[in-house]
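> So that we are looking at the same thing, I have put the structure below in C-alpha cells.
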Amino acid sequence: QLQLVESGGGLVQPGGSLRLSCAASGFTLDYYAIGWFRQAPGKEREGISCIKSSDGDTYFADSVKGRFTISRDNTKNTVYLQMNSLRPEDTAVYYCAASTRVSLLFRLSLDHDEYDYWGQGTLVTVSS
C-alpha cells in the first residue's frame with residue numbers, strides 16, 4: 001500500500017527552525033514529484049514547495065522563498081522541508097504529496113489537483 005507519513009512538526013518560537021520529513025512506504029519516492037502544502041485554520045490549502053524527480057529542480061512559493069528549502073534523500077526514501085526564520089503566519093498543518101504524472105518529470109507544479117498521494121499532515125505552530 002502506498003503511504004506517505006509526515007513528521008517533525010511541533011511548537012516553535014518565531015525565528016526558529018523545524019525540519020519536516022516525508023517518508024514513503026510501498027513505493028520509491030525518487031520516481032515521483034513531491035510537493036509540500038499547508039493549510040492554516042480557515043484558509044485554503046497553499047502549495048509552498050516542490051521538487052522534481054528527474055533533476056531535483058525545486059520551486060518555492062513567494063511566502064516561503066529564502067526561508068525554506070526542500071531536499072530528498074533517496075537512500076532513505078524521504079523528502080525533507082527545512083523551515084528557517086519561522087513566522088506566526090507559517091502556523092498550519094503541513095502535508096506532503098506525491099505525483100505520478102509524467103508531465104511533472106519536466107515541469108514544476110504546486111497545483112494540488114496534480115498530486116495523487118497525500119500524507120496525513122503534521123501541525124506546525126509558531127508562537128511565543
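Labels used: A, B, ... for chains in the order of the C-alpha cells, numbers from 1 for residues in each chain, and numbers from 1 for ligands as shown.
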Neighbouring residues of segment 81-94 of chain A were defined as those with any atom within 10 Å, considering only C-alpha atoms; residues of the same chain fewer than 5 positions away were excluded. Please report them as a PyMOL selection string.

chain A and resi 6-22+35-41+43+45-50+63-64+66-72+119-128

> Include N, CA and C atoms and write out the residues we just selected as a compact mmCIF listing (two decimals), in the first residue's frame.


# COMPACT_ATOMS: atom_id res chain seq x y z
N GLU A 6 4.22 12.21 7.25
CA GLU A 6 4.96 13.39 7.64
C GLU A 6 5.31 13.33 9.12
N SER A 7 6.41 13.95 9.48
CA SER A 7 6.79 14.08 10.88
C SER A 7 7.66 15.32 11.04
N GLY A 8 7.87 15.70 12.28
CA GLY A 8 8.75 16.83 12.55
C GLY A 8 8.05 18.12 12.95
N GLY A 9 6.73 18.12 12.93
CA GLY A 9 6.02 19.31 13.33
C GLY A 9 6.09 19.52 14.83
N GLY A 10 5.62 20.68 15.25
CA GLY A 10 5.62 20.99 16.67
C GLY A 10 5.48 22.46 16.91
N LEU A 11 5.76 22.85 18.14
CA LEU A 11 5.69 24.25 18.55
C LEU A 11 7.08 24.86 18.51
N VAL A 12 7.19 26.01 17.87
CA VAL A 12 8.48 26.69 17.77
C VAL A 12 8.25 28.18 17.92
N GLN A 13 9.24 28.87 18.46
CA GLN A 13 9.13 30.31 18.62
C GLN A 13 9.41 31.02 17.30
N PRO A 14 8.87 32.20 17.13
CA PRO A 14 9.19 32.98 15.92
C PRO A 14 10.70 33.13 15.75
N GLY A 15 11.14 32.95 14.52
CA GLY A 15 12.56 32.99 14.23
C GLY A 15 13.25 31.65 14.32
N GLY A 16 12.53 30.66 14.83
CA GLY A 16 13.11 29.33 14.98
C GLY A 16 13.04 28.50 13.71
N SER A 17 13.49 27.25 13.84
CA SER A 17 13.57 26.35 12.69
C SER A 17 12.95 25.00 13.03
N LEU A 18 12.46 24.36 12.00
CA LEU A 18 11.99 22.99 12.08
C LEU A 18 12.34 22.29 10.78
N ARG A 19 12.53 20.99 10.86
CA ARG A 19 12.69 20.20 9.64
C ARG A 19 11.60 19.14 9.61
N LEU A 20 10.79 19.22 8.56
CA LEU A 20 9.74 18.23 8.36
C LEU A 20 10.27 17.11 7.47
N SER A 21 9.82 15.91 7.76
CA SER A 21 10.17 14.75 6.95
C SER A 21 8.93 14.16 6.32
N CYS A 22 9.10 13.62 5.14
CA CYS A 22 8.02 12.95 4.42
C CYS A 22 8.58 11.60 3.98
N GLY A 35 5.51 17.41 -3.51
CA GLY A 35 5.13 18.77 -3.14
C GLY A 35 4.84 18.85 -1.66
N TRP A 36 5.08 20.04 -1.13
CA TRP A 36 4.69 20.35 0.24
C TRP A 36 3.59 21.41 0.18
N PHE A 37 2.56 21.18 0.95
CA PHE A 37 1.41 22.07 1.02
C PHE A 37 1.12 22.36 2.48
N ARG A 38 0.40 23.42 2.72
CA ARG A 38 0.00 23.71 4.09
C ARG A 38 -1.41 24.29 4.09
N GLN A 39 -2.07 24.12 5.22
CA GLN A 39 -3.41 24.68 5.37
C GLN A 39 -3.55 25.24 6.78
N ALA A 40 -3.76 26.53 6.83
CA ALA A 40 -3.98 27.21 8.10
C ALA A 40 -5.48 27.21 8.41
N PRO A 41 -5.86 27.33 9.67
CA PRO A 41 -7.28 27.34 10.03
C PRO A 41 -8.04 28.42 9.26
N LYS A 43 -8.32 28.81 6.14
CA LYS A 43 -7.73 29.21 4.85
C LYS A 43 -7.67 28.02 3.90
N ARG A 45 -5.89 25.45 1.17
CA ARG A 45 -4.60 24.78 1.10
C ARG A 45 -3.68 25.55 0.18
N GLU A 46 -2.45 25.72 0.59
CA GLU A 46 -1.46 26.50 -0.15
C GLU A 46 -0.28 25.62 -0.51
N GLY A 47 0.09 25.62 -1.76
CA GLY A 47 1.29 24.93 -2.18
C GLY A 47 2.50 25.79 -1.88
N ILE A 48 3.51 25.23 -1.23
CA ILE A 48 4.65 26.05 -0.83
C ILE A 48 5.97 25.62 -1.46
N SER A 49 6.12 24.36 -1.83
CA SER A 49 7.38 23.93 -2.40
C SER A 49 7.20 22.61 -3.11
N CYS A 50 8.03 22.39 -4.13
CA CYS A 50 8.01 21.10 -4.82
C CYS A 50 9.39 20.80 -5.37
N SER A 63 5.81 33.14 -0.43
CA SER A 63 5.60 33.25 1.02
C SER A 63 6.71 32.57 1.83
N VAL A 64 7.44 31.65 1.20
CA VAL A 64 8.47 30.91 1.94
C VAL A 64 9.85 31.01 1.28
N GLY A 66 13.43 31.79 0.26
CA GLY A 66 14.54 32.33 1.03
C GLY A 66 14.58 31.85 2.46
N ARG A 67 13.50 31.22 2.91
CA ARG A 67 13.45 30.73 4.30
C ARG A 67 13.35 29.20 4.36
N PHE A 68 12.71 28.60 3.37
CA PHE A 68 12.50 27.15 3.34
C PHE A 68 13.37 26.53 2.25
N THR A 69 13.81 25.31 2.48
CA THR A 69 14.48 24.54 1.45
C THR A 69 13.87 23.13 1.42
N ILE A 70 13.94 22.52 0.26
CA ILE A 70 13.42 21.17 0.09
C ILE A 70 14.53 20.29 -0.44
N SER A 71 14.58 19.06 0.05
CA SER A 71 15.62 18.14 -0.40
C SER A 71 15.07 16.72 -0.32
N ARG A 72 15.77 15.82 -1.00
CA ARG A 72 15.34 14.43 -0.95
C ARG A 72 16.54 13.54 -0.70
N GLY A 119 0.00 12.61 2.52
CA GLY A 119 0.17 12.21 3.89
C GLY A 119 -0.96 12.73 4.76
N GLN A 120 -0.88 12.42 6.03
CA GLN A 120 -1.94 12.79 6.96
C GLN A 120 -1.74 14.20 7.54
N GLY A 121 -0.57 14.74 7.35
CA GLY A 121 -0.29 16.09 7.81
C GLY A 121 0.41 16.12 9.16
N THR A 122 1.16 17.19 9.38
CA THR A 122 1.82 17.42 10.66
C THR A 122 1.65 18.90 11.02
N LEU A 123 1.30 19.16 12.26
CA LEU A 123 0.98 20.51 12.68
C LEU A 123 2.23 21.27 13.08
N VAL A 124 2.37 22.46 12.52
CA VAL A 124 3.43 23.38 12.89
C VAL A 124 2.79 24.62 13.51
N THR A 125 3.20 24.94 14.71
CA THR A 125 2.69 26.11 15.41
C THR A 125 3.86 27.03 15.74
N VAL A 126 3.79 28.25 15.25
CA VAL A 126 4.83 29.23 15.50
C VAL A 126 4.25 30.29 16.44
N SER A 127 4.74 30.28 17.66
CA SER A 127 4.18 31.17 18.67
C SER A 127 5.17 31.36 19.80
N SER A 128 5.12 32.56 20.38
CA SER A 128 5.96 32.81 21.55
C SER A 128 5.19 32.52 22.84

> From the DSSP assignment of the backbone, select every residue of segment 69-106 of chain A that is strand (DSSP E or B), and format the answer as a CSV table (one decimal) with C-alpha atoms, in the first residue's frame.


chain,number,residue,atom,x,y,z
A,69,THR,CA,14.5,24.5,1.5
A,70,ILE,CA,13.4,21.2,0.1
A,71,SER,CA,15.6,18.1,-0.4
A,72,ARG,CA,15.3,14.4,-1.0
A,73,ASP,CA,17.4,11.5,0.4
A,78,THR,CA,12.4,10.6,2.3
A,79,VAL,CA,11.9,14.2,1.3
A,80,TYR,CA,12.6,17.0,3.8
A,81,LEU,CA,11.3,20.5,4.2
A,82,GLN,CA,13.8,22.7,6.2
A,83,MET,CA,12.0,25.7,7.6
A,92,ALA,CA,-0.6,25.4,9.7
A,93,VAL,CA,-0.9,21.7,9.1
A,94,TYR,CA,1.8,20.7,6.6
A,95,TYR,CA,1.2,18.0,4.1
A,96,CYS,CA,3.5,16.3,1.6
A,97,ALA,CA,2.2,14.8,-1.6
A,98,ALA,CA,3.5,12.7,-4.5
A,99,SER,CA,2.5,12.9,-8.1

> Have a look at atom CA of Asp113 of chain A and atom CA of Gln3 of chain A and let me know their distance in Å, one decimal.

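Result for atom CA of Asp113 of chain A versus atom CA of Gln3 of chain A: 17.7 Å, one decimal.
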
> Write out as a PDB file with N, CA and C atoms, in the first residue's frame which residues come within 9 Å of Asp57 of chain A when counting only C-alpha atoms, dropping same-chain ones fewer than 6 positions away.


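The resulting file, selection_3.pdb, is reproduced below:
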ATOM      1  N   CYS A  50       8.030  22.387  -4.127  1.00  0.00           N
ATOM      2  CA  CYS A  50       8.007  21.102  -4.820  1.00  0.00           C
ATOM      3  C   CYS A  50       9.391  20.799  -5.369  1.00  0.00           C
ATOM      4  N   ILE A  51       9.596  19.521  -5.654  1.00  0.00           N
ATOM      5  CA  ILE A  51      10.877  19.072  -6.189  1.00  0.00           C
ATOM      6  C   ILE A  51      10.617  18.022  -7.245  1.00  0.00           C
ATOM      7  N   ARG A 107       8.282  19.552 -15.492  1.00  0.00           N
ATOM      8  CA  ARG A 107       7.906  20.881 -15.014  1.00  0.00           C
ATOM      9  C   ARG A 107       7.572  20.815 -13.534  1.00  0.00           C
ATOM     10  N   LEU A 108       7.567  21.960 -12.907  1.00  0.00           N
ATOM     11  CA  LEU A 108       7.245  22.062 -11.501  1.00  0.00           C
ATOM     12  C   LEU A 108       5.802  22.513 -11.347  1.00  0.00           C
TER      13      LEU A 108
END

> Using only C-alpha atoms, pick whichever of A:Asp30, A:Val5, A:Asn74, A:Ala61 has the shortest atom-to-atom distance to Leu110 of chain A.

A:Ala61

> Which residue out of A:Ser103, A:Ala23, A:Lys76, A:Ala33 has the minimum interatomic distance to Asp116 of chain A when only C-alpha atoms are used?

A:Ala33

> By how many Å are atom CA of Thr75 of chain A and atom CA of His112 of chain A apart?

26.1 Å
